Amino acid sequence: MDIKSLIKNLNIELTCSICLDYFTDPVIANCSHSFCRECLLQCMWGAGDTLTCPECRQLIQISNLVPNPNLQKLSTAGKTIGPHLLQSMVALATCDQHWEKAKFFCEEDRKLLCDSCSITQEHRDHRILPLDNAIAEGKEKLQETSNMLQKKQEKFKIAFRCMRNRKIYFREIAYAFKESIINENEKMHQFLWDEEALYLQILDEESKDNLEEIEEKKTKLTQQIQNLQQMILEIEKRLDKNPLEMLQDMKNTLARNEELLSQKLEVSYPIWSICYITGLQEMLISFQRNITLDPDTANPHLILNEELNSIKYTSVPKDLPDNEERFDCCLTVLGTQTFTSGKHYWEVNVGDKTEWIVGICENSISRKETHSLSSKDVRTLMGFTSEKDFFLWNSQCGFYESEPIHVVGIFIDYEKGHIAFYNSIDGSLICSPPNIAFQGPIRPYFSSCYPNENSNSGSIIICSGSKSANDVNYYGNALNDK
């Protein structure tokens with residue numbers, strides 16, 4: 001091996017592979033590679049107590065680093081004698097062609113030249129420098145490059161420290177945001193819990209009042225029944241008397257009878273306070289779906305508009321194909337959409353109709369015969385007017401008196417078997433029956449109900465997903481009527 005290679009190998013052995021300079025305070029890792037202690041510690045910024053070897057990528061435990069004083073001594077010696085070795089190399093340098101002492105350097109060919117080489121035709125137009133000058137220029141350029149790289153390295157180190165600090169900062173900010181979200185939601189939870197407690201208290205009080213009223217009316221009805229029974233017995237006795245006595249007492253008997261007959265029958269229906277739920281409409285609107293009607297399921301007495309979002313009763317049935325999907329007996333039409341999972345919400349504008357039914361049903365519902373609204377495959381809400389009062393009915397919640405409803409919101413959670421009905425005008429809960437698992441695909445259900453002398457012929461309109469009950473223009477008539 002020539003002296004040039006020996007010096008090169010010596011420099012490699014005495015140089016840190018991270019900073020590419022002679023070792024300073026070298027340490028040996030458990031993988032047998034050596035590095036400057038400071039260089040190695042810089043590599044572990046933000047990495048904890050372990051890092052991977054820059055040479056072989058093996059795991060290094062910082063606690064297992066061993067100082068290497070012998071390598072430090074060799075590195076110091078190499079740093080001291082390095083310039084002298086380079087001068088010796090320059091003194092020993094010879095050209096490849098004439099084996100004479102090299103005195104010049106050709107920049108174009110990157111070759112050492114002797115006196116004879118420098119005057120040959122081969123290097124005539126090349127830039128040839130004295131060897132000392134070439135070495136000086138080379139050192140200067142390398143030093144400039146080294147300085148630029150060091151500045152660049154320092155910028156990257158500063159950026160690295162900034163990123164490390166930013167990582168800590170972002171962790172702190174994320175924690176602060178998380179705490180803020182938790183605190184804000186705790187306040188909202190507490191607010192909702194307080195609302196829940198208040199409504200439950202009101203419900204308990206109303207339940208007590210309704211039960212007392214029912215008990216009072218039961219007692220009154222019992223007394224009225226007893227009075228009627230007594231009157232019936234007296235009349236039967238009068239009928240058994242002789243005609244003259246019967247006619248003499250008939251006036252008083254008929255007067256008492258008229259008084260009893262004029263008594264009104266009072267039946268008590270529970271009236272509940274409206275349950276407003278804060279933030280309900282904002283939550284429901286995120287699950288709103290565009291529902292359209294399936295004309296293949298529509299009863300012949302129902303007229304659907306072109307947009308398939310409105311139904312109206314007609315006394316003259318339309319001539320429609322008698323397909324398997326069509327309802328024959330019930331004034332019913334289903335939505336086109338079928339749900340087998342997820343949460344879904346839609347709104348139905350029933351306007352001033354005096355009788356209507358909306359909700360959902362299982363896709364397997366019978367179409368060719370009358371089906372019961374109390375069956376498990378139908379979950380609906382019915383609204384109807386009786387004389388001057390408006391009532392709501394659900395198979396699980398029963399009958400109860402209510403203010404007229406103009407827009408009904410329907411929410412389902414398929415996985416929970418849950419359905420709930422809302423008054424979309426004021427955002428209050430109408431009823432939420434107990435959860436029962438759905439047995440298959442479900443579809444929106446609409447019924448106009450058969451008209452009578454007290455009912456009107458208004459339409460049922462499915463609200464589009466782009467409109468809600470808060471849209472005053474869309475629901476202006478319903479709001480004004482209310």
# chains A, B, ... in the order shown; residues from 1 in each chain; ligands from 1

$ closest_atom_pairs --of "range 100-214 of chain A" --to "range 10-24 of chain A" --cutoff "12 Å" --atoms "only C-alpha atoms" --output "tab-separated table"
residue	atom	partner	partner_atom	distance
A:Ser146	CA	A:Leu20	CA	10.5
A:Leu149	CA	A:Cys19	CA	10.9
A:Gln150	CA	A:Cys19	CA	9.7
A:Gln153	CA	A:Cys19	CA	10.2

$ write_last_selection --atoms "N, CA and C atoms" --output "JSON list (two decimals), in the first residue's frame"
[["chain", "number", "residue", "atom", "x", "y", "z"],
["A", 146, "SER", "N", -16.86, 24.05, 3.31],
["A", 146, "SER", "CA", -17.05, 23.57, 4.68],
["A", 146, "SER", "C", -17.78, 24.62, 5.51],
["A", 149, "LEU", "N", -21.37, 24.65, 4.48],
["A", 149, "LEU", "CA", -22.06, 23.48, 5.02],
["A", 149, "LEU", "C", -22.30, 23.61, 6.51],
["A", 150, "GLN", "N", -21.31, 24.16, 7.22],
["A", 150, "GLN", "CA", -21.47, 24.34, 8.66],
["A", 150, "GLN", "C", -22.60, 25.33, 8.97],
["A", 153, "GLN", "N", -25.67, 23.53, 8.26],
["A", 153, "GLN", "CA", -25.91, 22.58, 9.34],
["A", 153, "GLN", "C", -26.46, 23.30, 10.57]]

$ residues_around --residues "Arg326 in chain A" --least-positions-apart "2" --cutoff "7 Å" --atoms "only C-alpha atoms" --output "ChimeraX atom specification"
/A:296-299,322-324,328,367

$ atom_distance --atom1 "CA of Ile410 in chain A" --atom2 "CA of Glu184 in chain A"
28.9 Å

$ atom_distance --atom1 "CA of Pro295 in chain A" --atom2 "CA of Leu392 in chain A"
27.5 Å

$ atom_distance --atom1 "CA of Gly440 in chain A" --atom2 "CA of Tyr414 in chain A"
9.8 Å

$ residues_around --residues "Leu40 in chain A" --least-positions-apart "6" --cutoff "12 Å" --atoms "only C-alpha atoms" --output "ChimeraX atom specification"
/A:16-19,23-29,33-34,47,49-55,60-62,65

$ write_last_selection --atoms "C-alpha atoms" --output "compact mmCIF listing (two decimals), in the first residue's frame"
# COMPACT_ATOMS: atom_id res chain seq x y z
CA CYS A 16 -15.98 10.86 13.31
CA SER A 17 -18.50 9.76 10.67
CA ILE A 18 -21.03 12.33 11.95
CA CYS A 19 -19.03 15.58 11.94
CA PHE A 23 -12.56 12.75 17.11
CA THR A 24 -13.26 14.93 20.14
CA ASP A 25 -14.04 13.06 23.37
CA PRO A 26 -14.73 9.79 21.45
CA VAL A 27 -16.99 7.06 22.88
CA ILE A 28 -17.53 3.44 21.79
CA ALA A 29 -21.08 2.14 21.31
CA HIS A 33 -18.50 1.99 16.31
CA SER A 34 -16.95 5.18 17.69
CA ALA A 47 -35.48 10.37 21.07
CA ASP A 49 -32.60 7.34 26.29
CA THR A 50 -32.00 5.29 23.16
CA LEU A 51 -31.08 5.90 19.53
CA THR A 52 -29.90 3.94 16.52
CA CYS A 53 -26.25 3.79 15.43
CA PRO A 54 -25.62 6.16 12.45
CA GLU A 55 -23.37 3.47 10.95
CA ILE A 60 -27.66 2.15 21.29
CA GLN A 61 -28.30 2.63 24.98
CA ILE A 62 -26.84 5.97 26.09
CA LEU A 65 -21.43 4.33 25.97

$ closest_residue --among "A:Thr385, A:Thr80, A:Thr253, A:Thr338" --to "Leu239 in chain A" --atoms "only C-alpha atoms"
A:Thr253

$ residues_around --residues "Pro441 in chain A" --least-positions-apart "5" --cutoff "12 Å" --atoms "only C-alpha atoms" --output "list of chain:residue names"
A:Thr336, A:Gln337, A:Thr338, A:Phe339, A:Thr340, A:Ser341, A:Gly342, A:Ile360, A:Cys361, A:Glu362, A:Asn363, A:Ser364, A:Ile365, A:Asp377, A:Tyr414, A:Glu415, A:Gly417

$ closest_residue --among "A:Lys187, A:Lys217, A:Arg379, A:Lys8" --to "Val358 in chain A" --atoms "only C-alpha atoms"
A:Arg379

$ select_by_dssp --residues "range 320-420 of chain A" --states "strand (DSSP E)" --output "MDAnalysis selection string"
chainID A and resid 332:334 343:349 355:362 378:386 389:394 398:402 407:413 418:420

$ residues_around --residues "Leu373 in chain A" --least-positions-apart "3" --cutoff "12 Å" --atoms "only C-alpha atoms" --output "ChimeraX atom specification"
/A:330,332,357-361,365-366,370,376-382,393-396,398,445,447

$ write_last_selection --atoms "C-alpha atoms" --output "PDB file, in the first residue's frame"
ATOM      1  CA  CYS A 330    -104.693   1.066   3.305  1.00  0.00           C
ATOM      2  CA  THR A 332    -100.491   4.163   2.331  1.00  0.00           C
ATOM      3  CA  ILE A 357    -100.081   8.854   9.920  1.00  0.00           C
ATOM      4  CA  VAL A 358     -96.289   9.019   9.483  1.00  0.00           C
ATOM      5  CA  GLY A 359     -93.409   6.835  10.621  1.00  0.00           C
ATOM      6  CA  ILE A 360     -91.604   3.739   9.403  1.00  0.00           C
ATOM      7  CA  CYS A 361     -92.415   0.126   8.656  1.00  0.00           C
ATOM      8  CA  ILE A 365     -95.242  -5.373   5.675  1.00  0.00           C
ATOM      9  CA  SER A 366     -98.383  -6.835   4.068  1.00  0.00           C
ATOM     10  CA  THR A 370    -105.306  -4.317   6.247  1.00  0.00           C
ATOM     11  CA  LYS A 376     -94.236  -4.704  15.559  1.00  0.00           C
ATOM     12  CA  ASP A 377     -93.470  -4.164  11.871  1.00  0.00           C
ATOM     13  CA  VAL A 378     -95.136  -0.706  11.918  1.00  0.00           C
ATOM     14  CA  ARG A 379     -93.987   2.169  14.142  1.00  0.00           C
ATOM     15  CA  THR A 380     -95.975   5.286  13.450  1.00  0.00           C
ATOM     16  CA  LEU A 381     -97.463   8.429  14.925  1.00  0.00           C
ATOM     17  CA  MET A 382    -101.096   9.283  14.191  1.00  0.00           C
ATOM     18  CA  TRP A 393    -101.623   8.311  19.151  1.00  0.00           C
ATOM     19  CA  ASN A 394     -98.782   5.838  19.123  1.00  0.00           C
ATOM     20  CA  SER A 395     -99.169   2.117  19.754  1.00  0.00           C
ATOM     21  CA  GLN A 396     -96.647   2.252  22.613  1.00  0.00           C
ATOM     22  CA  GLY A 398    -101.139   5.643  23.693  1.00  0.00           C
ATOM     23  CA  TYR A 445     -94.316   5.201   5.946  1.00  0.00           C
ATOM     24  CA  SER A 447    -100.801   7.520   5.179  1.00  0.00           C
TER      25      SER A 447
END

$ closest_residue --among "A:Leu331, A:Phe160, A:Glu307, A:Met188" --to "Lys368 in chain A" --atoms "only C-alpha atoms"
A:Leu331

$ select_by_dssp --residues "range 143-389 of chain A" --states "helix (DSSP H, G or I)" --output "NGL selection string"
:A and (143-240 or 243-261 or 280-285 or 295-297)

$ decode --residues "range 201-214 of chain A" --atoms "N, CA, C and O atoms" --output "mmCIF file, in the first residue's frame"
data_model
loop_
_atom_site.group_PDB
_atom_site.id
_atom_site.type_symbol
_atom_site.label_atom_id
_atom_site.label_comp_id
_atom_site.auth_asym_id
_atom_site.auth_seq_id
_atom_site.Cartn_x
_atom_site.Cartn_y
_atom_site.Cartn_z
ATOM 1 N N GLN A 201 -89.095 16.415 36.836
ATOM 2 C CA GLN A 201 -89.868 16.922 37.972
ATOM 3 C C GLN A 201 -91.246 17.401 37.502
ATOM 4 O O GLN A 201 -92.271 17.107 38.131
ATOM 5 N N ILE A 202 -91.244 18.155 36.378
ATOM 6 C CA ILE A 202 -92.523 18.628 35.833
ATOM 7 C C ILE A 202 -93.402 17.450 35.448
ATOM 8 O O ILE A 202 -94.619 17.436 35.712
ATOM 9 N N LEU A 203 -92.792 16.430 34.831
ATOM 10 C CA LEU A 203 -93.543 15.245 34.421
ATOM 11 C C LEU A 203 -94.147 14.536 35.633
ATOM 12 O O LEU A 203 -95.312 14.107 35.597
ATOM 13 N N ASP A 204 -93.370 14.416 36.710
ATOM 14 C CA ASP A 204 -93.887 13.778 37.928
ATOM 15 C C ASP A 204 -95.089 14.555 38.485
ATOM 16 O O ASP A 204 -96.093 13.957 38.893
ATOM 17 N N GLU A 205 -94.955 15.880 38.490
ATOM 18 C CA GLU A 205 -96.049 16.704 39.014
ATOM 19 C C GLU A 205 -97.282 16.588 38.115
ATOM 20 O O GLU A 205 -98.412 16.484 38.612
ATOM 21 N N GLU A 206 -97.061 16.613 36.779
ATOM 22 C CA GLU A 206 -98.193 16.487 35.859
ATOM 23 C C GLU A 206 -98.832 15.103 35.951
ATOM 24 O O GLU A 206 -100.057 14.970 35.853
ATOM 25 N N SER A 207 -97.982 14.085 36.134
ATOM 26 C CA SER A 207 -98.518 12.733 36.299
ATOM 27 C C SER A 207 -99.414 12.662 37.524
ATOM 28 O O SER A 207 -100.510 12.082 37.486
ATOM 29 N N LYS A 208 -98.949 13.261 38.609
ATOM 30 C CA LYS A 208 -99.730 13.275 39.845
ATOM 31 C C LYS A 208 -101.056 14.009 39.631
ATOM 32 O O LYS A 208 -102.128 13.523 40.022
ATOM 33 N N ASP A 209 -100.977 15.201 38.973
ATOM 34 C CA ASP A 209 -102.189 15.989 38.724
ATOM 35 C C ASP A 209 -103.154 15.234 37.807
ATOM 36 O O ASP A 209 -104.377 15.226 38.039
ATOM 37 N N ASN A 210 -102.610 14.610 36.742
ATOM 38 C CA ASN A 210 -103.469 13.869 35.810
ATOM 39 C C ASN A 210 -104.139 12.684 36.488
ATOM 40 O O ASN A 210 -105.321 12.400 36.260
ATOM 41 N N LEU A 211 -103.382 11.980 37.339
ATOM 42 C CA LEU A 211 -103.954 10.837 38.045
ATOM 43 C C LEU A 211 -105.040 11.283 39.015
ATOM 44 O O LEU A 211 -106.083 10.623 39.154
ATOM 45 N N GLU A 212 -104.802 12.416 39.690
ATOM 46 C CA GLU A 212 -105.821 12.940 40.611
ATOM 47 C C GLU A 212 -107.082 13.338 39.831
ATOM 48 O O GLU A 212 -108.212 13.070 40.282
ATOM 49 N N GLU A 213 -106.884 13.976 38.660
ATOM 50 C CA GLU A 213 -108.031 14.379 37.847
ATOM 51 C C GLU A 213 -108.797 13.155 37.351
ATOM 52 O O GLU A 213 -110.037 13.133 37.369
ATOM 53 N N ILE A 214 -108.059 12.140 36.921
ATOM 54 C CA ILE A 214 -108.709 10.905 36.466
ATOM 55 C C ILE A 214 -109.493 10.273 37.607
ATOM 56 O O ILE A 214 -110.628 9.796 37.439
#
